[in-house]
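Visitor: Structure file start.cif (mmCIF, C-alpha atoms) right here:
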```cif
data_query
loop_
_atom_site.label_atom_id
_atom_site.label_comp_id
_atom_site.auth_asym_id
_atom_site.auth_seq_id
_atom_site.Cartn_x
_atom_site.Cartn_y
_atom_site.Cartn_z
CA MET A 1 140.90 127.18 31.53
CA HIS A 2 138.62 125.18 29.32
CA LEU A 3 137.57 126.15 25.78
CA ILE A 4 134.44 125.25 23.84
CA GLY A 5 132.97 126.31 20.52
CA ASN A 6 134.45 127.49 17.26
CA GLU A 7 135.44 131.01 18.26
CA ALA A 8 137.72 130.32 21.25
CA PHE A 9 141.37 129.54 20.59
CA LEU A 10 144.56 128.86 22.53
CA VAL A 11 147.32 131.40 22.92
CA LEU A 12 149.54 129.74 25.54
CA VAL A 13 149.48 126.20 26.89
CA SER A 14 151.67 124.76 29.67
CA THR A 15 153.85 121.71 29.12
CA ASN A 16 151.16 119.49 30.68
CA GLY A 17 148.41 120.84 28.41
CA GLN A 18 146.77 123.42 30.68
CA VAL A 19 145.41 126.47 28.87
CA LEU A 20 147.07 129.54 30.39
CA ILE A 21 145.97 132.19 27.88
CA ALA A 22 143.05 132.03 25.45
CA ALA A 23 141.24 134.40 23.14
CA SER A 24 137.84 134.46 21.50
CA CYS A 25 135.46 136.49 19.41
CA TYR A 26 131.93 137.23 20.55
CA GLY A 27 129.45 139.21 18.53
CA LYS A 28 131.41 142.09 17.01
CA GLY A 29 134.03 142.09 19.79
CA ARG A 30 136.92 140.09 21.16
CA MET A 31 138.25 138.78 24.49
CA VAL A 32 141.68 137.79 25.74
CA VAL A 33 141.52 135.71 28.92
CA VAL A 34 144.57 135.01 31.08
CA SER A 35 144.66 132.35 33.78
CA HIS A 36 145.92 134.61 36.57
CA GLU A 37 145.51 138.33 37.22
CA GLY A 38 149.23 138.47 38.01
CA ILE A 39 149.92 138.22 34.28
CA LEU A 40 148.13 141.54 33.84
CA LYS A 41 150.45 143.14 36.41
CA ASP A 42 153.81 141.63 35.41
CA SER A 43 156.23 143.66 33.29
CA LYS A 44 157.64 140.39 31.88
CA PHE A 45 154.40 140.18 29.89
CA SER A 46 154.51 143.79 28.65
CA GLN A 47 154.96 142.96 24.96
CA PHE A 48 152.17 140.38 25.08
CA LEU A 49 149.85 142.77 26.92
CA ARG A 50 150.50 145.60 24.45
CA ASN A 51 149.86 143.22 21.55
CA ALA A 52 146.70 141.86 23.18
CA VAL A 53 145.29 145.36 23.72
CA GLU A 54 146.07 146.30 20.10
CA TRP A 55 144.28 143.15 18.87
CA LEU A 56 141.29 143.89 21.10
CA LYS A 57 140.87 147.48 19.89
CA PRO A 58 137.95 148.00 17.50
CA SER A 59 139.96 150.87 15.94
CA SER A 60 143.50 152.19 16.28
CA GLU A 61 142.36 155.31 18.16
CA ALA A 62 140.10 153.44 20.62
CA LEU A 63 140.35 154.42 24.27
CA VAL A 64 141.45 151.70 26.70
CA GLY A 65 139.89 151.62 30.16
CA VAL A 66 141.80 149.99 32.99
CA HIS A 67 140.07 148.94 36.24
CA PRO A 68 141.52 150.60 39.37
CA HIS A 69 142.90 147.24 40.65
CA LEU A 70 145.31 147.10 37.69
CA ASP A 71 147.46 150.20 38.15
CA SER A 72 150.63 148.42 36.98
CA LEU A 73 148.88 147.51 33.70
CA LEU A 74 147.82 151.14 33.36
CA GLN A 75 151.44 152.28 33.78
CA LEU A 76 152.69 149.69 31.29
CA LEU A 77 150.18 150.81 28.64
CA LEU A 78 150.90 154.50 29.27
CA ARG A 79 154.65 153.89 28.77
CA ALA A 80 153.79 152.21 25.45
CA GLY A 81 151.89 155.32 24.31
CA THR A 82 148.44 153.73 24.52
CA LYS A 83 145.50 156.11 24.99
CA VAL A 84 144.35 154.96 28.45
CA GLN A 85 141.69 156.01 30.94
CA ALA A 86 142.82 155.34 34.51
CA GLY A 87 140.45 153.92 37.13
CA ALA A 88 137.85 153.39 34.44
CA GLU A 89 134.38 152.06 34.87
CA LEU A 90 132.85 150.30 31.90
CA SER A 91 131.55 152.86 29.42
CA PRO A 92 130.44 152.93 25.75
CA SER A 93 133.21 155.51 25.11
CA LEU A 94 135.82 152.78 25.66
CA GLY A 95 137.10 150.49 22.94
CA VAL A 96 138.80 148.05 25.33
CA TYR A 97 138.24 147.31 29.01
CA CYS A 98 140.86 145.61 31.22
CA MET A 99 139.87 143.97 34.51
CA ASP A 100 140.32 141.05 36.85
CA ALA A 101 137.81 138.19 36.97
CA TYR A 102 136.48 138.60 40.51
CA ASP A 103 133.49 140.92 40.16
CA CYS A 104 130.44 139.93 38.11
CA THR A 105 128.15 142.76 39.19
CA LYS A 106 128.38 144.22 35.68
CA ALA A 107 128.52 140.87 33.84
CA LYS A 108 125.51 141.64 31.65
CA ASP A 109 126.96 145.05 30.70
CA LEU A 110 130.37 143.51 29.94
CA VAL A 111 128.82 140.86 27.71
CA GLY A 112 126.87 143.57 25.88
CA PHE A 113 130.01 145.71 25.55
CA VAL A 114 131.91 142.89 23.83
CA LYS A 115 128.91 141.84 21.73
CA GLN A 116 128.64 145.41 20.38
CA GLY A 117 132.32 145.46 19.34
CA GLY A 118 134.36 146.18 22.47
CA GLY A 119 137.47 144.34 23.54
CA LEU A 120 137.92 142.74 26.96
CA LEU A 121 141.22 141.83 28.59
CA ILE A 122 140.42 139.81 31.72
CA GLY A 123 142.52 137.75 34.08
CA GLY A 124 141.98 135.66 37.15
CA GLN A 125 142.24 132.23 38.67
CA ALA A 126 139.42 130.21 40.17
CA TRP A 127 141.22 127.58 42.23
CA HIS A 128 141.10 129.67 45.43
CA TRP A 129 137.44 130.53 44.80
CA ALA A 130 136.73 126.81 44.20
CA GLY A 131 138.29 125.93 47.54
CA ARG A 132 135.84 128.24 49.29
CA HIS A 133 132.70 127.64 47.22
CA GLY A 134 133.17 124.16 45.75
CA LYS A 135 134.91 123.03 42.58
CA GLU A 136 131.58 121.87 41.11
CA LYS A 137 130.28 125.48 41.16
CA VAL A 138 133.16 127.09 39.25
CA LEU A 139 131.86 126.74 35.68
CA PHE A 140 128.53 128.39 36.37
CA GLU A 141 129.15 130.59 39.41
CA PHE A 142 132.75 131.87 39.33
CA PRO A 143 132.43 135.62 38.59
CA GLY A 144 134.72 135.64 35.55
CA ASN A 145 132.78 132.81 33.94
CA GLN A 146 129.64 134.97 34.03
CA VAL A 147 131.35 136.98 31.27
CA THR A 148 133.86 134.77 29.45
CA SER A 149 131.58 131.75 29.07
CA VAL A 150 129.56 133.49 26.35
CA ALA A 151 132.69 133.38 24.19
CA GLY A 152 133.49 129.74 24.99
CA VAL A 153 136.25 130.36 27.55
CA TYR A 154 135.86 129.04 31.10
CA PHE A 155 138.03 129.46 34.16
CA THR A 156 138.37 126.13 35.99
CA GLY A 157 139.03 125.27 39.62
CA SER A 158 142.34 123.57 38.83
CA GLU A 159 145.57 125.16 39.97
CA GLY A 160 147.65 126.14 36.95
CA GLU A 161 151.16 124.97 36.27
CA THR A 162 153.82 127.62 36.80
CA GLY A 163 157.08 127.98 34.93
CA THR A 164 158.55 129.34 31.74
CA PHE A 165 156.82 128.11 28.61
CA SER A 166 157.81 128.43 24.98
CA VAL A 167 155.43 129.97 22.53
CA SER A 168 155.19 127.72 19.49
CA LYS A 169 154.74 128.89 15.91
CA GLU A 170 151.99 126.30 15.48
CA MET A 171 148.61 126.46 17.21
CA PRO A 172 148.93 124.21 20.30
CA ARG A 173 146.69 121.18 20.42
CA ILE A 174 145.07 120.01 23.63
CA PRO A 175 142.58 117.26 24.35
CA LEU A 176 138.92 118.27 24.41
CA ILE A 177 138.55 117.07 27.99
CA THR A 178 141.08 118.29 30.55
CA GLN A 179 141.32 117.90 34.31
#
```
Would you write the structure of this file as structure tokens?
Guide:
Amino acid sequence: MHLIGNEAFLVLVSTNGQVLIAASCYGKGRMVVVSHEGILKDSKFSQFLRNAVEWLKPSSEALVGVHPHLDSLLQLLLRAGTKVQAGAELSPSLGVYCMDAYDCTKAKDLVGFVKQGGGLLIGGQAWHWAGRHGKEKVLFEFPGNQVTSVAGVYFTGSEGETGTFSVSKEMPRIPLITQ
């Protein structure tokens, strides 16, 4: 991922400086962007995901909508006692929407949702998409970037580093230009 602007900030960076998780504010709302949809489905990330959803909520009683592709995230949030709507479509009744980054058909609605105060938890990776459509098209045409770019967070066509990474107490620093 690549970050621009004053509102986007790092949450997790790999040992070689790749942004793996970022967050941002946009309008009255917030976004948390993860570099692979697998993070949204992995129980190893359950504490992080619960914390992210709580941070994204505009109020403590806000309803969380989870896209049908993310049933394991739905189950994780239900076990944590979160008020969740299964198989949700984007709706003004939601406080947070959770989805993968592969469908931009409702990009304009998602941007408006966040701008008006909603929270968005979104995950995906663009390296496979870049292999099929061209790496030079990722920043402007990858579906997830149709939404996250307004908040200064961009998926890139680079394959992310895998491994176990420590979370530092200090905000990680990365160069402004990354591969």
Visitor: Convert the output of the PyMOL selection byres ((chain A and resi 50-63) around 8) on the shown file into explicit residues, formatted as a list of chain:residue names.
Guide: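 After applying the PyMOL selection byres ((chain A and resi 50-63) around 8), what remains is A:Gly29, A:Arg30, A:Met31, A:Val32, A:Ser46, A:Gln47, A:Phe48, A:Leu49, A:Val64, A:Gly65, A:Leu77, A:Ala80, A:Lys83, A:Val84, A:Gln85, A:Ser93, A:Leu94, A:Gly95, A:Val96, A:Gly117, A:Gly118, A:Gly119, A:Leu120, A:Leu121.
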Visitor: Can you list, as a VMD selection string, the residues that the PyMOL selection byres ((chain A and resi 151) around 8) selects here?
Guide: chain A and resid 5 7 to 8 24 to 26 31 148 to 150 152 to 153
Visitor: Considering all atoms listed in the file, can you say which of A:Gly157, A:Val147, A:Leu40, A:His2 comes closest to Gly123 in chain A?
Guide: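 Between A:Gly157, A:Val147, A:Leu40, A:His2, the residue approaching Gly123 in chain A most closely is A:Leu40.
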Visitor: For Ser72 in chain A, which residue out of A:Ser158, A:Ser91, A:Thr15, A:Ser43 is the nearest one, using only C-alpha atoms?
Guide: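 Checking each of A:Ser158, A:Ser91, A:Thr15, A:Ser43 against Ser72 in chain A, counting only C-alpha atoms, the winner is A:Ser43.
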Visitor: If we count all atoms listed in the file and set the cut-off at 12 Å, which residues sit around range 126-141 of chain A, ignoring sequence neighbours fewer than 4 positions away in its own chain? Please answer as a VMD selection string.
Guide: chain A and resid 1 to 3 34 to 37 100 to 104 107 145 to 150 152 to 161 179
Visitor: Could you jot down the CA of Ile21 in chain A to CA of Val33 in chain A separation for me, Å, one decimal place?
Guide: 5.8 Å
Visitor: Report, in Å to a single decimal, how far apart CA of Phe45 in chain A and CA of Thr82 in chain A are.
Guide: 15.7 Å
Visitor: When you draw a straight line from CA of Ala23 in chain A to CA of Pro68 in chain A, how long is it in Å?
Guide: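 So the answer is 22.9 Å.
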Visitor: So, with all atoms listed in the file as the atoms that count, which of A:Leu10, A:Met99, A:Leu74, A:Leu20 lies closest to Pro143 in chain A?
Guide: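 Ranked by minimum distance to Pro143 in chain A, first place goes to A:Met99.
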Visitor: Between A:Gln125, A:Asn6, A:Gln116, A:Thr105, which residue has the minimum interatomic distance to Lys28 in chain A, considering all atoms listed in the file?
Guide: A:Gln116
Visitor: May I ask which of the residues A:Gly17, A:Leu12, A:Phe113, A:Ile122 is the closest one to His67 in chain A, counting all atoms listed in the file?
Guide: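 Ranking A:Gly17, A:Leu12, A:Phe113, A:Ile122 by distance to His67 in chain A, first place goes to A:Ile122.
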